[in-house]
Each structure stands twice: as C-alpha cells, then as structure tokens.
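Here's query.txt, which has compact mmCIF, C-alpha atoms:
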```txt
# COMPACT_ATOMS: atom_id res chain seq x y z
CA MET D 1 199.55 39.58 128.68
CA ARG D 2 199.34 36.09 130.12
CA LEU D 3 196.00 34.39 129.42
CA GLY D 4 194.57 31.13 130.67
CA VAL D 5 192.13 29.19 128.49
CA LEU D 6 190.04 26.61 130.34
CA ASP D 7 188.55 24.17 127.83
CA VAL D 8 185.96 21.76 129.27
CA GLY D 9 185.56 19.25 126.47
CA SER D 10 183.88 15.89 126.10
CA ASN D 11 187.15 13.99 126.50
CA THR D 12 189.60 16.33 128.18
CA VAL D 13 189.55 19.32 130.48
CA HIS D 14 192.54 21.39 129.41
CA PHE D 15 193.87 24.57 131.00
CA LEU D 16 196.35 26.23 128.66
CA VAL D 17 198.47 29.20 129.74
CA VAL D 18 199.61 31.41 126.86
CA ASP D 19 201.58 34.60 126.43
CA ALA D 20 199.72 36.78 123.97
CA HIS D 21 199.29 40.30 122.70
CA PRO D 22 197.46 41.81 119.71
CA GLY D 23 199.22 41.29 116.41
CA ALA D 24 201.30 38.31 117.55
CA ALA D 25 200.82 34.56 117.62
CA PRO D 26 199.88 33.28 121.10
CA LEU D 27 202.75 31.29 122.62
CA PRO D 28 201.92 28.32 124.89
CA ALA D 29 203.62 28.69 128.28
CA TYR D 30 202.13 25.87 130.38
CA SER D 31 199.60 23.05 129.97
CA HIS D 32 197.49 21.44 132.68
CA LYS D 33 194.99 18.79 131.61
CA ALA D 34 193.12 15.65 132.60
CA GLU D 35 191.10 13.15 130.59
CA LEU D 36 187.81 13.20 132.50
CA ARG D 37 185.68 11.82 129.62
CA LEU D 38 182.58 13.70 130.77
CA ALA D 39 180.62 12.45 127.74
CA GLU D 40 180.96 8.92 129.12
CA LEU D 41 180.14 9.79 132.74
CA LEU D 42 176.39 9.93 132.18
CA ASP D 43 173.48 8.26 133.94
CA THR D 44 170.52 6.66 132.19
CA GLU D 45 168.81 10.06 131.79
CA GLY D 46 171.81 11.70 130.11
CA ALA D 47 172.95 13.67 133.16
CA ILE D 48 176.59 13.91 134.18
CA THR D 49 176.98 11.76 137.29
CA LYS D 50 177.94 13.16 140.69
CA ALA D 51 181.36 11.52 140.31
CA GLY D 52 181.81 13.28 136.98
CA VAL D 53 180.81 16.66 138.38
CA ASP D 54 183.13 16.13 141.37
CA LYS D 55 186.02 15.49 138.98
CA LEU D 56 185.16 18.57 136.94
CA VAL D 57 184.98 20.82 140.00
CA GLY D 58 188.31 19.47 141.20
CA MET D 59 189.94 20.10 137.83
CA VAL D 60 188.59 23.65 137.62
CA ALA D 61 189.84 24.34 141.16
CA SER D 62 193.31 23.01 140.32
CA SER D 63 193.34 25.14 137.16
CA ILE D 64 192.72 28.23 139.28
CA ARG D 65 195.74 27.35 141.41
CA VAL D 66 197.83 26.89 138.26
CA ALA D 67 196.62 30.27 136.98
CA GLU D 68 197.73 31.92 140.22
CA ASP D 69 201.10 30.18 140.19
CA LYS D 70 201.79 31.07 136.55
CA GLY D 71 200.75 34.72 136.76
CA VAL D 72 197.64 34.53 134.58
CA VAL D 73 195.85 37.89 134.45
CA ASP D 74 192.73 36.84 132.56
CA MET D 75 190.96 33.49 132.31
CA LEU D 76 188.77 32.43 129.38
CA PRO D 77 186.67 29.47 130.58
CA PHE D 78 184.34 27.61 128.22
CA ALA D 79 182.54 24.30 127.82
CA THR D 80 181.45 22.41 124.72
CA SER D 81 179.09 19.53 123.89
CA ALA D 82 179.49 17.39 127.03
CA VAL D 83 178.06 20.12 129.28
CA ARG D 84 175.91 21.67 126.55
CA GLU D 85 173.99 18.44 125.97
CA ALA D 86 173.93 17.05 129.51
CA ALA D 87 170.46 16.80 131.04
CA ASN D 88 171.79 18.55 134.15
CA GLY D 89 174.01 21.04 132.32
CA GLU D 90 172.64 24.08 134.17
CA ASP D 91 173.15 22.38 137.52
CA VAL D 92 176.72 21.51 136.57
CA LEU D 93 177.47 25.11 135.63
CA ARG D 94 175.89 26.36 138.84
CA ARG D 95 177.92 24.00 141.03
CA VAL D 96 181.19 24.88 139.28
CA ALA D 97 180.47 28.58 139.79
CA GLU D 98 179.48 28.18 143.44
CA GLU D 99 182.46 26.03 144.41
CA THR D 100 185.21 27.61 142.31
CA GLY D 101 183.97 31.05 141.31
CA VAL D 102 184.50 30.21 137.63
CA GLU D 103 181.57 30.82 135.30
CA LEU D 104 181.90 28.51 132.32
CA ARG D 105 180.59 29.88 129.03
CA VAL D 106 178.80 27.19 127.05
CA LEU D 107 179.53 27.41 123.33
CA SER D 108 177.02 26.32 120.75
CA GLY D 109 178.16 23.94 118.02
CA GLN D 110 178.17 26.81 115.53
CA ASP D 111 180.25 28.92 117.92
CA GLU D 112 182.81 26.11 118.02
CA ALA D 113 182.90 25.87 114.24
CA ARG D 114 183.26 29.62 113.75
CA LEU D 115 185.96 30.16 116.36
CA THR D 116 187.95 27.18 115.10
CA PHE D 117 187.62 28.54 111.56
CA LEU D 118 189.05 31.88 112.74
CA ALA D 119 192.11 30.10 114.12
CA VAL D 120 192.59 28.14 110.90
CA ARG D 121 192.28 31.29 108.77
CA ARG D 122 194.88 33.09 110.87
CA TRP D 123 197.26 30.12 110.69
CA PHE D 124 197.10 29.57 106.93
CA GLY D 125 196.37 33.16 105.89
CA TRP D 126 194.49 34.76 103.02
CA SER D 127 196.45 32.93 100.34
CA SER D 128 194.40 29.82 101.16
CA GLY D 129 191.36 31.37 99.49
CA ARG D 130 188.11 29.59 100.27
CA LEU D 131 188.85 27.44 103.34
CA LEU D 132 186.97 24.30 104.34
CA ASN D 133 187.67 23.01 107.85
CA PHE D 134 186.69 19.87 109.75
CA ASP D 135 187.09 19.30 113.48
CA ILE D 136 186.23 16.01 115.22
CA GLY D 137 185.70 16.45 118.95
CA GLY D 138 184.53 14.03 121.58
CA GLY D 139 180.88 14.92 121.14
CA SER D 140 180.50 16.55 117.73
CA LEU D 141 181.91 17.17 114.27
CA GLU D 142 182.24 20.82 113.27
CA ILE D 143 182.43 21.90 109.63
CA ALA D 144 182.97 25.46 108.38
CA CYS D 145 183.74 27.04 105.02
CA GLY D 146 184.28 30.56 103.75
CA LEU D 147 186.48 33.25 102.21
CA ASP D 148 186.76 35.55 105.21
CA GLU D 149 187.61 35.21 108.90
CA GLN D 150 183.98 34.37 109.59
CA PRO D 151 182.76 31.32 107.64
CA ASP D 152 179.91 31.62 105.18
CA VAL D 153 178.54 28.29 106.40
CA ALA D 154 179.17 26.58 109.74
CA CYS D 155 177.49 23.55 111.24
CA SER D 156 177.85 21.04 114.05
CA LEU D 157 176.85 17.38 113.75
CA PRO D 158 176.48 14.84 116.58
CA LEU D 159 179.40 12.79 115.28
CA GLY D 160 182.07 13.11 117.95
CA ALA D 161 184.52 10.23 118.34
CA GLY D 162 183.64 9.71 122.00
CA ARG D 163 179.90 9.79 121.44
CA LEU D 164 180.05 7.28 118.55
CA THR D 165 182.42 4.91 120.35
CA ALA D 166 179.56 4.01 122.69
CA GLN D 167 178.02 2.22 119.69
CA LEU D 168 181.08 0.00 119.33
CA PRO D 169 181.17 -2.02 122.56
CA GLY D 170 183.74 -4.70 123.19
CA ASP D 171 187.49 -4.83 122.80
CA ILE D 172 187.26 -5.68 119.10
CA ALA D 173 184.44 -4.02 117.16
CA ASP D 174 181.70 -6.26 115.80
CA PRO D 175 181.64 -6.01 111.96
CA ASP D 176 177.87 -5.47 111.94
CA ASP D 177 178.20 -2.63 114.46
CA VAL D 178 180.94 -1.02 112.36
CA ARG D 179 178.84 -1.25 109.21
CA GLU D 180 175.78 0.25 110.93
CA LEU D 181 177.85 3.07 112.43
CA ARG D 182 179.44 3.76 109.05
CA ARG D 183 175.98 3.99 107.47
CA GLN D 184 174.75 6.35 110.20
CA ILE D 185 177.79 8.64 109.92
CA ARG D 186 177.52 8.92 106.16
CA ALA D 187 173.79 9.62 106.25
CA GLU D 188 174.37 12.44 108.75
CA ILE D 189 177.21 14.07 106.82
CA ALA D 190 175.43 13.71 103.47
CA GLN D 191 172.63 15.96 104.71
CA ALA D 192 175.14 18.78 105.23
CA VAL D 193 177.09 18.45 101.99
CA GLY D 194 174.60 20.32 99.81
CA GLU D 195 174.74 23.50 101.89
CA PHE D 196 178.53 23.64 101.51
CA ALA D 197 178.49 22.63 97.83
CA ARG D 198 176.63 25.85 97.00
CA LEU D 199 179.73 27.81 98.00
CA GLY D 200 181.80 26.18 95.29
CA THR D 201 184.93 24.07 95.42
CA PRO D 202 187.20 24.98 98.35
CA ASP D 203 190.72 26.17 97.58
CA HIS D 204 192.14 24.62 100.73
CA ALA D 205 190.71 21.76 102.81
CA VAL D 206 191.95 21.56 106.38
CA ALA D 207 191.41 19.56 109.57
CA THR D 208 191.93 20.36 113.24
CA SER D 209 191.62 18.43 116.52
CA LYS D 210 193.49 15.68 118.32
CA THR D 211 191.62 12.99 116.38
CA PHE D 212 192.78 14.27 112.99
CA LYS D 213 196.33 14.76 114.26
CA GLN D 214 196.49 11.16 115.44
CA LEU D 215 195.00 9.83 112.19
CA ALA D 216 197.57 11.82 110.21
CA ARG D 217 200.41 10.51 112.37
CA MET D 218 199.07 6.96 111.99
CA THR D 219 199.22 7.28 108.21
CA GLY D 220 202.76 8.64 108.11
CA ALA D 221 202.74 12.33 109.09
CA ALA D 222 205.60 13.77 111.13
CA PRO D 223 205.51 13.20 114.91
CA ALA D 224 204.47 15.95 117.30
CA ASP D 225 208.07 16.32 118.52
CA ASN D 226 208.98 17.85 115.16
CA GLY D 227 207.04 20.96 116.13
CA PRO D 228 203.94 22.79 114.84
CA LEU D 229 205.57 24.33 111.76
CA VAL D 230 206.11 21.02 109.99
CA GLN D 231 203.52 20.41 107.28
CA ARG D 232 201.25 17.45 108.02
CA ARG D 233 198.60 15.91 105.79
CA LEU D 234 196.00 13.17 106.06
CA THR D 235 195.25 11.49 102.73
CA ARG D 236 192.03 9.64 102.07
CA SER D 237 193.86 6.74 100.42
CA GLY D 238 196.09 6.33 103.46
CA LEU D 239 193.19 6.50 105.90
CA SER D 240 190.95 4.15 103.89
CA ALA D 241 193.66 1.49 104.03
CA TRP D 242 193.77 1.76 107.81
CA VAL D 243 190.04 1.65 108.60
CA PRO D 244 189.58 -2.14 108.20
CA ARG D 245 192.81 -2.71 110.10
CA LEU D 246 191.58 -0.60 113.02
CA ALA D 247 188.27 -2.48 113.03
CA GLY D 248 190.13 -5.74 113.56
CA MET D 249 192.41 -4.47 116.34
CA THR D 250 192.00 -4.60 120.09
CA VAL D 251 192.17 -1.31 121.99
CA ALA D 252 195.63 -2.25 123.27
CA GLU D 253 196.84 -2.87 119.72
CA ARG D 254 195.56 0.53 118.59
CA ALA D 255 197.38 2.17 121.50
CA ARG D 256 200.67 0.82 120.15
CA ILE D 257 200.24 2.67 116.83
CA PRO D 258 202.78 5.53 116.66
CA GLY D 259 201.18 8.80 117.70
CA VAL D 260 198.07 7.24 119.29
CA SER D 261 197.64 7.91 122.99
CA GLU D 262 196.36 5.16 125.26
CA GLY D 263 193.45 7.32 126.37
CA ARG D 264 192.28 7.92 122.79
CA ALA D 265 192.86 4.43 121.40
CA ARG D 266 189.30 3.24 121.96
CA GLN D 267 187.88 6.22 120.04
CA LEU D 268 190.27 5.93 117.09
CA LEU D 269 188.05 3.70 114.94
CA ALA D 270 184.98 5.94 115.29
CA GLY D 271 187.09 9.00 114.52
CA ALA D 272 188.54 7.28 111.45
CA LEU D 273 185.06 6.41 110.17
CA VAL D 274 183.98 10.06 110.50
CA ALA D 275 187.12 11.42 108.83
CA ASP D 276 186.90 8.89 105.97
CA ALA D 277 183.23 9.69 105.37
CA ALA D 278 183.84 13.45 105.43
CA MET D 279 186.64 13.29 102.87
CA ASP D 280 184.69 10.91 100.63
CA LEU D 281 181.38 12.78 100.67
CA PHE D 282 183.05 16.18 100.21
CA GLY D 283 185.17 14.80 97.36
CA LEU D 284 188.54 15.45 99.02
CA ASP D 285 191.77 13.55 98.41
CA GLY D 286 193.30 14.83 101.63
CA LEU D 287 193.31 17.38 104.43
CA ASP D 288 196.15 19.57 105.70
CA ILE D 289 196.44 19.47 109.49
CA CYS D 290 196.28 22.81 111.31
CA PRO D 291 197.92 22.96 114.76
CA TRP D 292 195.56 25.72 115.89
CA ALA D 293 191.93 25.03 116.75
CA LEU D 294 189.18 26.17 119.13
CA ARG D 295 191.35 27.33 122.03
CA GLU D 296 193.45 29.50 119.74
CA GLY D 297 190.31 30.89 118.13
CA ILE D 298 189.04 32.02 121.53
CA ILE D 299 192.39 33.63 122.35
CA LEU D 300 192.46 35.44 119.01
CA ARG D 301 188.92 36.73 119.48
CA ARG D 302 189.90 38.04 122.91
CA LEU D 303 192.97 39.78 121.50
CA ASP D 304 190.92 41.28 118.68
CA ALA D 305 188.55 42.79 121.24
CA MET D 306 191.51 44.30 123.10
CA ASP D 307 193.00 45.74 119.92
CA SER D 308 189.87 47.41 118.58
CA PRO D 309 188.36 50.51 120.22
CA VAL D 310 185.15 49.96 118.24
CA ASP D 311 184.52 46.22 118.61
CA ARG D 312 184.37 45.35 122.32
CA ARG D 313 182.33 42.18 122.06
CA PRO D 314 182.93 39.47 124.69
CA ALA D 315 185.52 36.91 123.65
CA LEU D 316 183.09 34.03 123.20
CA THR D 317 180.28 35.76 121.31
CA GLN D 318 179.83 36.03 117.57
```

Starting from the coordinates I provided, produce the structure as structure tokens.
Amino acid sequence: MRLGVLDVGSNTVHFLVVDAHPGAAPLPAYSHKAELRLAELLDTEGAITKAGVDKLVGMVASSIRVAEDKGVVDMLPFATSAVREAANGEDVLRRVAEETGVELRVLSGQDEARLTFLAVRRWFGWSSGRLLNFDIGGGSLEIACGLDEQPDVACSLPLGAGRLTAQLPGDIADPDDVRELRRQIRAEIAQAVGEFARLGTPDHAVATSKTFKQLARMTGAAPADNGPLVQRRLTRSGLSAWVPRLAGMTVAERARIPGVSEGRARQLLAGALVADAAMDLFGLDGLDICPWALREGIILRRLDAMDSPVDRRPALTQ
C-alpha cells in the first residue's frame, strides 16, 4: 500500500510518501518538505506565532494535495516537541484540524525514542545485541537502549539542536556562551547516564537524525549520494577535533562544509556539543549512523498492526 507520513518537527515539516507492505522494507516514493523552524517562531510566552501557524496550515494543506496526486491511501500525521511544548499547542492542533481536516497526533518524547528505536532495531537486526541509540532533533535529544524491539529504557531530554542554538546568538559564537552551553548539556546528559548504565555495556551504539548524519559527513563519512546501504560512522576523536573549529566559524563558513545544508548550518555547533557530550559521558568511541529513524518507526508500527490479527493498536501508541 502507499502510505504518507506527515512529520511536523521543530525544524522541518516533512511529508514522505512510501510504498510499504508487511514483511518488507518501506521504499520512499516521494518527498515534500519545508524548513518552517516552528521552534523558533515563538512569541514571548512560548506560543507559536500566527505567522508560524499559517505556514504550518499551508504546509499541511499542500501535503494533502501531494497525497492525492501520488495515490496515498493512508496518512500517518504526527507532531513532536515544537507543537508538544508550545503554549498554544492545543489551539494549533485545533486550527490545523479545522482548516485541513488532518488531526495531528502529538508524540511524547518517550514515544519518539521508542519508535525510533524500533526502526533502528529493524535496520540492524538481532545480531546487534543490546542496542543504544541517540537521536538529536530540533527540540530534544532522545536516548533508548534495549535487547528487544521495545527498549528497556527510553528518555527524552530538552537538548535539541534548534532549541540550544538560541543560546548562541551572533554569527560567531561567543566563547563564554559556548562554555556555558557545554556545561549545561553535560549536566543534563549526566543525569540520565546512570539509568542506562544499569543495563550493562551496549553491544552496538547507534545514532539517527539529520544532525548526526551531517556530523558524520563533516568528519569524513560517505556522502548521501552513495545511498543508504553504505556504512557510515561518527567517531568521537573526529568530532572532538571539529568542535573548536565550528565554534570559531561564521554560519556561512559552516554552510560550506561538505554535507552541511545552509538551513542547518547555524544549529551545527549546538548539535556537535550534544553529540560530543553524549559519546563522552556514555564512554563511546563512535556511533554507527542508521538511515532509518522516527518516520520509519511509525511506518513499521503501522505495518505491524496490519499484519497481526491480535495486535490492532493504533500506529502511534505504545
């Protein structure tokens, strides 16, 4: 069947059309996306501005037209931290539903971590043993670890690259601001380490998300044009060497780094600080990059529900 996944994230609203059926890997057929940066379109009270909501409604409406044009038979619409944490989140959801007919499902941070973990498990398989996965989004950092398709521990921390970039104003980051942000990030992650340490040493440490993919490319991983089956890895030594360089670069200079998109260049330093802290505090020399993440997890959950006569849970529930 042809599915459409509408992902309303903190940075990007992405409508992905895939061909999928139970027992097979979902195949991307068409991509429609826009960088709305909803996490940055907030007023002084933390509400998404009218301009931001207008853009979101327009993007959802255009995604419906794409779905019709591409023959989508089922749409899976969801929203993450930008809408979840907005002061007017309920109003935003109501307006989207009234004007487009699409009811966005708001995922909790743990939902995000668990569904992403499912995608990673399916990609790497059972031979990976105990998996540990990190995902840096625009608004939050998700961490999950476990032996099965459902993680034994999953958490979400307010350490998204977009959110943290607000603490680094200016074209070139102030060294004092970078040091303070680094301290804050490490204090936040350190509080979560103990819960995961009780599970034992992971057999396979993995990372998902656009931020990790760009950091891996920056440090020498294969370009996206080589396809998803090429092995890619982010090493801590490689990343640590880049962090001070990023801190001294302008946004335009970061955008010229191979693999870094212009729209994500400003957030690259904050994302690097989070990734470096996570690898250091969890005692990891590197992370393998998984091409599947949250969207694929949602698709797989939907297909699982179709395939099982016993388990008919909605696609976005746990």

Show me, as a list in words, the residues that have an atom within 7 Å of segment 190-199 of chain D when counting only C-alpha atoms, minus same-chain residues fewer than 5 positions from it.
Val153, Leu281 and Phe282 of chain D

Tell me which of D:Ala270, D:Leu115, D:Ala154, D:Val230 sits closest to Ala166 of chain D, counting all atoms listed in the file.
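Comparing D:Ala270, D:Leu115, D:Ala154, D:Val230 against Ala166 of chain D, the winner is D:Ala270.
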
Take atom CA of Gly129 of chain D and atom CA of Ala221 of chain D and report the distance between them in Å, one decimal.
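Atom CA of Ala221 of chain D lies 24.2 Å from atom CA of Gly129 of chain D.
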
Could you tell me, as a ChimeraX atom specification, which residues have any atom at most 8 Å from (192.8, 14.4, 113.4), counting all atoms listed in the file?
/D:135-136,207-216,271,275,289

May I have the residues within 9 Å of segment 47-62 of chain D as a PyMOL selection string, using all atoms listed in the file and disregarding those fewer than 3 positions away in the same chain?
chain D and resi 6+8+13-15+32-34+36-44+65-67+82-83+85-89+92+95-97+99-102

Next, the residues of the selection above should be written as a PDB file, keeping the file's coordinate frame with C-alpha atoms.
```pdb
ATOM      1  CA  LEU D   6     190.040  26.610 130.340  1.00  0.00           C
ATOM      2  CA  VAL D   8     185.960  21.760 129.270  1.00  0.00           C
ATOM      3  CA  VAL D  13     189.550  19.320 130.480  1.00  0.00           C
ATOM      4  CA  HIS D  14     192.540  21.390 129.410  1.00  0.00           C
ATOM      5  CA  PHE D  15     193.870  24.570 131.000  1.00  0.00           C
ATOM      6  CA  HIS D  32     197.490  21.440 132.680  1.00  0.00           C
ATOM      7  CA  LYS D  33     194.990  18.790 131.610  1.00  0.00           C
ATOM      8  CA  ALA D  34     193.120  15.650 132.600  1.00  0.00           C
ATOM      9  CA  LEU D  36     187.810  13.200 132.500  1.00  0.00           C
ATOM     10  CA  ARG D  37     185.680  11.820 129.620  1.00  0.00           C
ATOM     11  CA  LEU D  38     182.580  13.700 130.770  1.00  0.00           C
ATOM     12  CA  ALA D  39     180.620  12.450 127.740  1.00  0.00           C
ATOM     13  CA  GLU D  40     180.960   8.920 129.120  1.00  0.00           C
ATOM     14  CA  LEU D  41     180.140   9.790 132.740  1.00  0.00           C
ATOM     15  CA  LEU D  42     176.390   9.930 132.180  1.00  0.00           C
ATOM     16  CA  ASP D  43     173.480   8.260 133.940  1.00  0.00           C
ATOM     17  CA  THR D  44     170.520   6.660 132.190  1.00  0.00           C
ATOM     18  CA  ARG D  65     195.740  27.350 141.410  1.00  0.00           C
ATOM     19  CA  VAL D  66     197.830  26.890 138.260  1.00  0.00           C
ATOM     20  CA  ALA D  67     196.620  30.270 136.980  1.00  0.00           C
ATOM     21  CA  ALA D  82     179.490  17.390 127.030  1.00  0.00           C
ATOM     22  CA  VAL D  83     178.060  20.120 129.280  1.00  0.00           C
ATOM     23  CA  GLU D  85     173.990  18.440 125.970  1.00  0.00           C
ATOM     24  CA  ALA D  86     173.930  17.050 129.510  1.00  0.00           C
ATOM     25  CA  ALA D  87     170.460  16.800 131.040  1.00  0.00           C
ATOM     26  CA  ASN D  88     171.790  18.550 134.150  1.00  0.00           C
ATOM     27  CA  GLY D  89     174.010  21.040 132.320  1.00  0.00           C
ATOM     28  CA  VAL D  92     176.720  21.510 136.570  1.00  0.00           C
ATOM     29  CA  ARG D  95     177.920  24.000 141.030  1.00  0.00           C
ATOM     30  CA  VAL D  96     181.190  24.880 139.280  1.00  0.00           C
ATOM     31  CA  ALA D  97     180.470  28.580 139.790  1.00  0.00           C
ATOM     32  CA  GLU D  99     182.460  26.030 144.410  1.00  0.00           C
ATOM     33  CA  THR D 100     185.210  27.610 142.310  1.00  0.00           C
ATOM     34  CA  GLY D 101     183.970  31.050 141.310  1.00  0.00           C
ATOM     35  CA  VAL D 102     184.500  30.210 137.630  1.00  0.00           C
TER      36      VAL D 102
END
```

Which is closer to Pro223 of chain D than all the others in D:Met75, D:Met279, D:Ile257, D:Leu268, using all atoms listed in the file?
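Ranked by minimum distance to Pro223 of chain D, first place goes to D:Ile257.
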
Of the candidates D:Arg121, D:Asp69, D:Ala113, D:Tyr30, which shows the shortest atom-to-atom distance to Leu300 of chain D, using only C-alpha atoms?
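Among the listed residues, the smallest separation from Leu300 of chain D belongs to D:Arg121.
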
Using all atoms listed in the file, which residue out of D:Leu104, D:Cys290, D:Leu164, D:Leu246 lies closest to Trp123 of chain D?
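Result for the nearest residue to Trp123 of chain D: D:Cys290.
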
At what distance in Å, to one decimal, does atom CA of Leu93 of chain D lie from atom CA of Leu3 of chain D?
21.6 Å

Closest to Thr116 of chain D among D:Ala293, D:Cys145, D:Val260, D:Ala161, using only C-alpha atoms?
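Between D:Ala293, D:Cys145, D:Val260, D:Ala161, the residue approaching Thr116 of chain D most closely is D:Ala293.
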
For Ser261 of chain D, which of D:Asn226, D:Leu132, D:Gln167, D:Met218 is the closest residue, counting all atoms listed in the file?
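Among the listed residues, the smallest separation from Ser261 of chain D belongs to D:Met218.
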
Just the residues within 9 Å of His21 of chain D, please, counting all atoms listed in the file, with nothing from its chain fewer than 4 positions along; format it as a count of residues only.
7

Å distance separating atom CA of Glu149 of chain D from atom CA of Thr80 of chain D, one decimal place:
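Atom CA of Thr80 of chain D lies at a distance of 21.3 Å from atom CA of Glu149 of chain D.
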
Skipping near chain neighbours, those fewer than 3 positions away, what residues fall within 7 Å of Arg130 of chain D using all atoms listed in the file, listed as an MDAnalysis selection string?
chainID D and resid 145:147 202:204
